[in-house]
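Reading through the structure tokens given below for one structure.
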Amino acid sequence: MQTFLRKSLIVSGLALGAIVLGQNASADQGDNLREQFVPPTVFQVAGPTAASIQSTVDAFRAELGATNNGNTAGPLTSGHREINWDGGGANTNTDVPVTPFNVFLNTRGGQFTTPGIGLSQAPPSGGAQGGLAGLFNNPTYGTIFSTFSPLRLFTPVGSNITEALFFVPGTNGTVPATVTGFGAVFTDVDQPDGSGPGKKRGNRGASTLVEYFGADGKVLFSSFVPASPGDASLSFFGIVFDEPVIARVRITTGNTAPGPDDDEKHDIVMMDDFIYGEPQPQ
């Protein structure tokens, strides 16, 4: 019999169901798993502006450890790491898509991959290469996405899947690590919109999913990201465990890959800040 442990926690925003630690087990084994497994604290919120999600993001940072450890070599005993894709807040370049994306591998212990063409940092529009609007040949991307921390966002190209692995900062990817928590900001998560029939054809299906895995490859936690109606909205989803047990994160942004031919059936989503616990050696 397959046993699933379910937990839905709310710090802010919308209530969402989550599947926790799914695996094959007998009824007795399932009872033991329930006794052993300590569910994470969930932080989730969605709103029209950066200010509308700021307090939840700050609470998540505090839960991980309030100090931003920046580019300091680890492992450190407290604090967290952040990636905001902005190059000091003044970079309007659109990076050529690459995978693996190792820009922050040594400095902050994060490596990112996609099954698509690659991953890119870009502003919604502007700069020499035109930002997301130019990268995907879609002028609407300049207005339907907004940033939590200006100026750039992060996106897979040729896919809507991004995976994160963690390493001890300063080891250039040679020491695999786990973290206590991981959260991300998303922009323009439209589904579910709760609007019923209309332009969105009543589509109430969630589009953006975050899955967390342990070092053994098993799912620790899985949940959808809360939506907010209207263009350029912002959402945040993150979890924190008591111990550093997260080795990998898989993010599905929207229900299709970004491109030039969007329509009302599709929900295209971009990512902003990644925030995660100080990586600890596995």
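By order of appearance in the structure tokens: chains A, B, ..., then residues from 1 within every chain, and ligands from 1 in the order shown.
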Test item: residues at most 7 Å from range 66-71 of chain A, only C-alpha atoms, excluding those fewer than 6 positions along its chain, as a JSON list (two decimals) with all heavy atoms, in the first residue's frame:
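Okay, this is what ended up in part32.json:
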[["chain", "number", "residue", "atom", "x", "y", "z"],
["A", 79, "GLY", "N", 23.00, 31.75, 9.38],
["A", 79, "GLY", "CA", 22.73, 32.63, 8.25],
["A", 79, "GLY", "C", 22.19, 31.90, 7.03],
["A", 79, "GLY", "O", 21.86, 30.72, 7.09],
["A", 80, "HIS", "N", 22.11, 32.63, 5.93],
["A", 80, "HIS", "CA", 21.55, 32.07, 4.71],
["A", 80, "HIS", "C", 22.26, 32.67, 3.50],
["A", 80, "HIS", "O", 23.09, 33.56, 3.63],
["A", 80, "HIS", "CB", 20.04, 32.36, 4.63],
["A", 80, "HIS", "CG", 19.71, 33.82, 4.45],
["A", 80, "HIS", "ND1", 19.59, 34.70, 5.51],
["A", 80, "HIS", "CD2", 19.48, 34.56, 3.33],
["A", 80, "HIS", "CE1", 19.29, 35.91, 5.06],
["A", 80, "HIS", "NE2", 19.23, 35.85, 3.74],
["A", 81, "ARG", "N", 21.90, 32.18, 2.33],
["A", 81, "ARG", "CA", 22.43, 32.68, 1.06],
["A", 81, "ARG", "C", 21.28, 33.21, 0.21],
["A", 81, "ARG", "O", 20.16, 32.72, 0.30],
["A", 81, "ARG", "CB", 23.17, 31.58, 0.30],
["A", 81, "ARG", "CG", 24.30, 30.91, 1.08],
["A", 81, "ARG", "CD", 25.56, 31.72, 1.09],
["A", 81, "ARG", "NE", 26.55, 31.14, 2.01],
["A", 81, "ARG", "CZ", 27.86, 31.39, 1.97],
["A", 81, "ARG", "NH1", 28.34, 32.22, 1.07],
["A", 81, "ARG", "NH2", 28.69, 30.84, 2.85],
["A", 82, "GLU", "N", 21.59, 34.20, -0.63],
["A", 82, "GLU", "CA", 20.60, 34.75, -1.55],
["A", 82, "GLU", "C", 21.22, 34.96, -2.92],
["A", 82, "GLU", "O", 22.41, 35.26, -3.04],
["A", 82, "GLU", "CB", 20.07, 36.10, -1.05],
["A", 82, "GLU", "CG", 19.34, 36.03, 0.27],
["A", 82, "GLU", "CD", 18.57, 37.32, 0.57],
["A", 82, "GLU", "OE1", 18.29, 38.09, -0.38],
["A", 82, "GLU", "OE2", 18.23, 37.54, 1.75],
["A", 107, "THR", "N", 30.73, 30.86, -5.26],
["A", 107, "THR", "CA", 30.54, 31.94, -4.30],
["A", 107, "THR", "C", 29.40, 31.70, -3.33],
["A", 107, "THR", "O", 29.47, 32.08, -2.16],
["A", 107, "THR", "CB", 30.29, 33.27, -5.03],
["A", 107, "THR", "OG1", 29.16, 33.10, -5.91],
["A", 107, "THR", "CG2", 31.51, 33.69, -5.82],
["A", 108, "ARG", "N", 28.31, 31.05, -3.80],
["A", 108, "ARG", "CA", 27.15, 30.88, -2.93],
["A", 108, "ARG", "C", 26.63, 29.44, -2.88],
["A", 108, "ARG", "O", 25.58, 29.18, -2.29],
["A", 108, "ARG", "CB", 26.03, 31.85, -3.36],
["A", 108, "ARG", "CG", 26.51, 33.29, -3.27],
["A", 108, "ARG", "CD", 25.49, 34.30, -3.68],
["A", 108, "ARG", "NE", 26.16, 35.55, -3.98],
["A", 108, "ARG", "CZ", 25.59, 36.64, -4.49],
["A", 108, "ARG", "NH1", 24.28, 36.63, -4.74],
["A", 108, "ARG", "NH2", 26.28, 37.72, -4.75]]
Sorted by chain and rising residue number, list the residues of range 157-198 of chain A at most 12 Å from range 35-53 of chain A (counting only C-alpha atoms), each with its closest atom pair and distance in Å to one decimal, as a tab-separated table.
residue	atom	partner	partner_atom	distance
A:Thr180	CA	A:Pro40	CA	9.1
A:Gly181	CA	A:Pro40	CA	8.5
A:Phe182	CA	A:Phe43	CA	10.2
A:Gly183	CA	A:Phe43	CA	8.2
A:Ala184	CA	A:Gln44	CA	9.9
A:Val185	CA	A:Ile53	CA	9.1
A:Phe186	CA	A:Ala46	CA	9.0
A:Thr187	CA	A:Ala46	CA	9.3
A:Asp188	CA	A:Pro48	CA	9.1
A:Val189	CA	A:Ala46	CA	8.7
A:Asp190	CA	A:Ala46	CA	10.4
A:Gln191	CA	A:Ala46	CA	11.8
A:Pro192	CA	A:Ala46	CA	11.9
A:Asp193	CA	A:Ala46	CA	11.8
Written file, previous selection with C-alpha atoms, as a short mmCIF file (atom, residue, chain, number, x, y, z; two decimals), in the first residue's frame:
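And here's again-v9.cif as it stands now:
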data_model
loop_
_atom_site.label_atom_id
_atom_site.label_comp_id
_atom_site.auth_asym_id
_atom_site.auth_seq_id
_atom_site.Cartn_x
_atom_site.Cartn_y
_atom_site.Cartn_z
CA THR A 180 17.45 23.59 5.83
CA GLY A 181 15.20 25.56 3.51
CA PHE A 182 14.70 27.04 0.08
CA GLY A 183 12.32 29.70 -1.19
CA ALA A 184 11.84 31.70 -4.37
CA VAL A 185 9.99 34.73 -5.67
CA PHE A 186 7.88 34.31 -8.82
CA THR A 187 6.23 36.84 -11.08
CA ASP A 188 2.88 36.59 -12.90
CA VAL A 189 1.61 33.30 -11.49
CA ASP A 190 -1.94 33.48 -12.88
CA GLN A 191 -3.28 29.98 -12.26
CA PRO A 192 -5.39 29.17 -10.40
CA ASP A 193 -7.15 32.49 -11.00
#
Using only C-alpha atoms, determine which residues lie at most 10 Å from Gly254 in chain A, disregarding the query and same-chain residues fewer than 2 positions distant; provide the list as a short mmCIF file (atom, residue, chain, number, x, y, z; two decimals) with all heavy atoms, in the first residue's frame.
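Resulting contents of selection-v2.cif:
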data_model
loop_
_atom_site.label_atom_id
_atom_site.label_comp_id
_atom_site.auth_asym_id
_atom_site.auth_seq_id
_atom_site.Cartn_x
_atom_site.Cartn_y
_atom_site.Cartn_z
N ASN A 160 10.32 24.77 -19.07
CA ASN A 160 9.81 25.48 -17.90
C ASN A 160 10.27 24.80 -16.61
O ASN A 160 9.66 24.99 -15.55
CB ASN A 160 8.28 25.60 -17.94
CG ASN A 160 7.59 24.25 -17.87
OD1 ASN A 160 8.15 23.22 -18.24
ND2 ASN A 160 6.35 24.25 -17.40
N ILE A 161 11.37 24.04 -16.70
CA ILE A 161 11.90 23.30 -15.56
C ILE A 161 13.27 23.86 -15.16
O ILE A 161 14.15 24.03 -16.01
CB ILE A 161 12.06 21.80 -15.86
CG1 ILE A 161 10.72 21.19 -16.29
CG2 ILE A 161 12.65 21.06 -14.67
CD1 ILE A 161 9.67 21.19 -15.22
N PHE A 186 8.37 34.53 -7.46
CA PHE A 186 7.88 34.31 -8.82
C PHE A 186 7.06 35.51 -9.27
O PHE A 186 6.45 36.20 -8.45
CB PHE A 186 7.01 33.05 -8.88
CG PHE A 186 7.70 31.81 -8.40
CD1 PHE A 186 7.72 31.47 -7.05
CD2 PHE A 186 8.34 30.97 -9.31
CE1 PHE A 186 8.37 30.33 -6.61
CE2 PHE A 186 8.99 29.82 -8.87
CZ PHE A 186 9.00 29.50 -7.52
N ASP A 188 4.01 36.85 -11.99
CA ASP A 188 2.88 36.59 -12.90
C ASP A 188 2.40 35.15 -12.86
O ASP A 188 2.14 34.54 -13.90
CB ASP A 188 3.22 37.01 -14.33
CG ASP A 188 1.96 37.28 -15.15
OD1 ASP A 188 1.02 37.91 -14.63
OD2 ASP A 188 1.90 36.84 -16.33
N VAL A 189 2.27 34.61 -11.65
CA VAL A 189 1.61 33.30 -11.49
C VAL A 189 0.11 33.56 -11.55
O VAL A 189 -0.48 34.10 -10.62
CB VAL A 189 1.99 32.63 -10.16
CG1 VAL A 189 1.30 31.27 -10.05
CG2 VAL A 189 3.50 32.48 -10.03
N ASP A 190 -0.52 33.19 -12.66
CA ASP A 190 -1.94 33.48 -12.88
C ASP A 190 -2.87 32.35 -12.49
O ASP A 190 -4.05 32.58 -12.24
CB ASP A 190 -2.19 33.81 -14.36
CG ASP A 190 -1.54 35.11 -14.78
OD1 ASP A 190 -1.47 36.03 -13.95
OD2 ASP A 190 -1.07 35.18 -15.93
N GLN A 191 -2.40 31.12 -12.50
CA GLN A 191 -3.28 29.98 -12.26
C GLN A 191 -2.95 29.31 -10.93
O GLN A 191 -1.77 29.09 -10.64
CB GLN A 191 -3.14 28.97 -13.40
CG GLN A 191 -3.60 29.50 -14.74
CD GLN A 191 -3.39 28.49 -15.85
OE1 GLN A 191 -3.06 27.34 -15.61
NE2 GLN A 191 -3.58 28.92 -17.08
N ALA A 206 -3.50 24.80 -10.91
CA ALA A 206 -2.27 25.49 -10.54
C ALA A 206 -1.19 25.21 -11.58
O ALA A 206 -1.12 24.13 -12.16
CB ALA A 206 -1.83 25.05 -9.16
N SER A 207 -0.31 26.19 -11.79
CA SER A 207 0.67 26.06 -12.87
C SER A 207 2.10 25.95 -12.39
O SER A 207 2.95 25.44 -13.12
CB SER A 207 0.58 27.28 -13.80
OG SER A 207 1.05 28.45 -13.14
N THR A 208 2.41 26.43 -11.19
CA THR A 208 3.80 26.54 -10.76
C THR A 208 4.04 25.70 -9.52
O THR A 208 3.35 25.86 -8.51
CB THR A 208 4.16 28.02 -10.53
OG1 THR A 208 3.99 28.74 -11.75
CG2 THR A 208 5.59 28.18 -10.05
N LEU A 209 5.01 24.81 -9.60
CA LEU A 209 5.22 23.77 -8.60
C LEU A 209 6.66 23.80 -8.10
O LEU A 209 7.59 23.97 -8.90
CB LEU A 209 4.92 22.40 -9.22
CG LEU A 209 5.18 21.15 -8.37
CD1 LEU A 209 4.18 21.06 -7.23
CD2 LEU A 209 5.09 19.90 -9.26
N VAL A 225 2.68 26.97 -6.02
CA VAL A 225 2.93 28.35 -5.65
C VAL A 225 1.63 29.14 -5.74
O VAL A 225 0.88 29.00 -6.71
CB VAL A 225 4.00 28.97 -6.58
CG1 VAL A 225 4.19 30.45 -6.30
CG2 VAL A 225 5.31 28.20 -6.44
N ILE A 251 11.86 23.08 -9.83
CA ILE A 251 10.85 24.14 -9.98
C ILE A 251 10.23 24.05 -11.37
O ILE A 251 10.95 24.07 -12.38
CB ILE A 251 11.46 25.53 -9.78
CG1 ILE A 251 12.17 25.63 -8.42
CG2 ILE A 251 10.40 26.61 -9.90
CD1 ILE A 251 12.99 26.90 -8.26
N THR A 252 8.91 23.97 -11.41
CA THR A 252 8.17 24.03 -12.67
C THR A 252 7.49 25.39 -12.73
O THR A 252 6.58 25.68 -11.96
CB THR A 252 7.12 22.92 -12.76
OG1 THR A 252 7.75 21.64 -12.61
CG2 THR A 252 6.39 22.96 -14.10
N THR A 256 3.87 26.05 -19.44
CA THR A 256 4.55 25.89 -20.72
C THR A 256 5.81 26.72 -20.72
O THR A 256 5.97 27.64 -19.90
CB THR A 256 3.63 26.28 -21.89
OG1 THR A 256 4.20 25.83 -23.12
CG2 THR A 256 3.44 27.79 -21.95
N ALA A 257 6.74 26.42 -21.62
CA ALA A 257 7.98 27.18 -21.70
C ALA A 257 7.73 28.57 -22.28
O ALA A 257 6.84 28.76 -23.11
CB ALA A 257 8.99 26.43 -22.57
N PRO A 258 8.50 29.57 -21.87
CA PRO A 258 8.35 30.92 -22.45
C PRO A 258 8.63 30.91 -23.94
O PRO A 258 9.43 30.10 -24.44
CB PRO A 258 9.42 31.74 -21.70
CG PRO A 258 9.75 30.95 -20.48
CD PRO A 258 9.55 29.51 -20.84
N HIS A 266 -2.32 29.63 -21.58
CA HIS A 266 -1.02 29.35 -21.01
C HIS A 266 -0.67 30.33 -19.90
O HIS A 266 -1.05 31.50 -19.96
CB HIS A 266 0.05 29.39 -22.11
CG HIS A 266 -0.15 28.35 -23.16
ND1 HIS A 266 -0.04 28.61 -24.51
CD2 HIS A 266 -0.47 27.05 -23.07
CE1 HIS A 266 -0.28 27.51 -25.19
NE2 HIS A 266 -0.54 26.54 -24.34
N ASP A 267 0.06 29.85 -18.93
CA ASP A 267 0.54 30.69 -17.83
C ASP A 267 2.06 30.66 -17.86
O ASP A 267 2.68 29.66 -17.50
CB ASP A 267 0.01 30.16 -16.49
CG ASP A 267 0.28 31.11 -15.35
OD1 ASP A 267 0.66 32.27 -15.61
OD2 ASP A 267 0.09 30.71 -14.18
N ILE A 268 2.68 31.75 -18.30
CA ILE A 268 4.13 31.88 -18.35
C ILE A 268 4.60 32.58 -17.08
O ILE A 268 4.08 33.63 -16.72
CB ILE A 268 4.58 32.68 -19.59
CG1 ILE A 268 3.94 32.13 -20.86
CG2 ILE A 268 6.11 32.67 -19.69
CD1 ILE A 268 4.31 30.71 -21.19
N VAL A 269 5.58 32.01 -16.40
CA VAL A 269 6.03 32.51 -15.10
C VAL A 269 7.55 32.66 -15.12
O VAL A 269 8.26 31.80 -15.65
CB VAL A 269 5.60 31.55 -13.98
CG1 VAL A 269 6.17 32.00 -12.63
CG2 VAL A 269 4.08 31.46 -13.91
N MET A 270 8.03 33.75 -14.53
CA MET A 270 9.46 33.98 -14.37
C MET A 270 9.82 33.96 -12.87
O MET A 270 8.95 34.08 -12.01
CB MET A 270 9.87 35.33 -14.97
CG MET A 270 9.61 35.45 -16.46
SD MET A 270 10.70 34.37 -17.41
CE MET A 270 9.96 34.50 -19.05
#
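The space between CA of Val175 in chain A and CA of Asp242 in chain A spans 21.6 Å.
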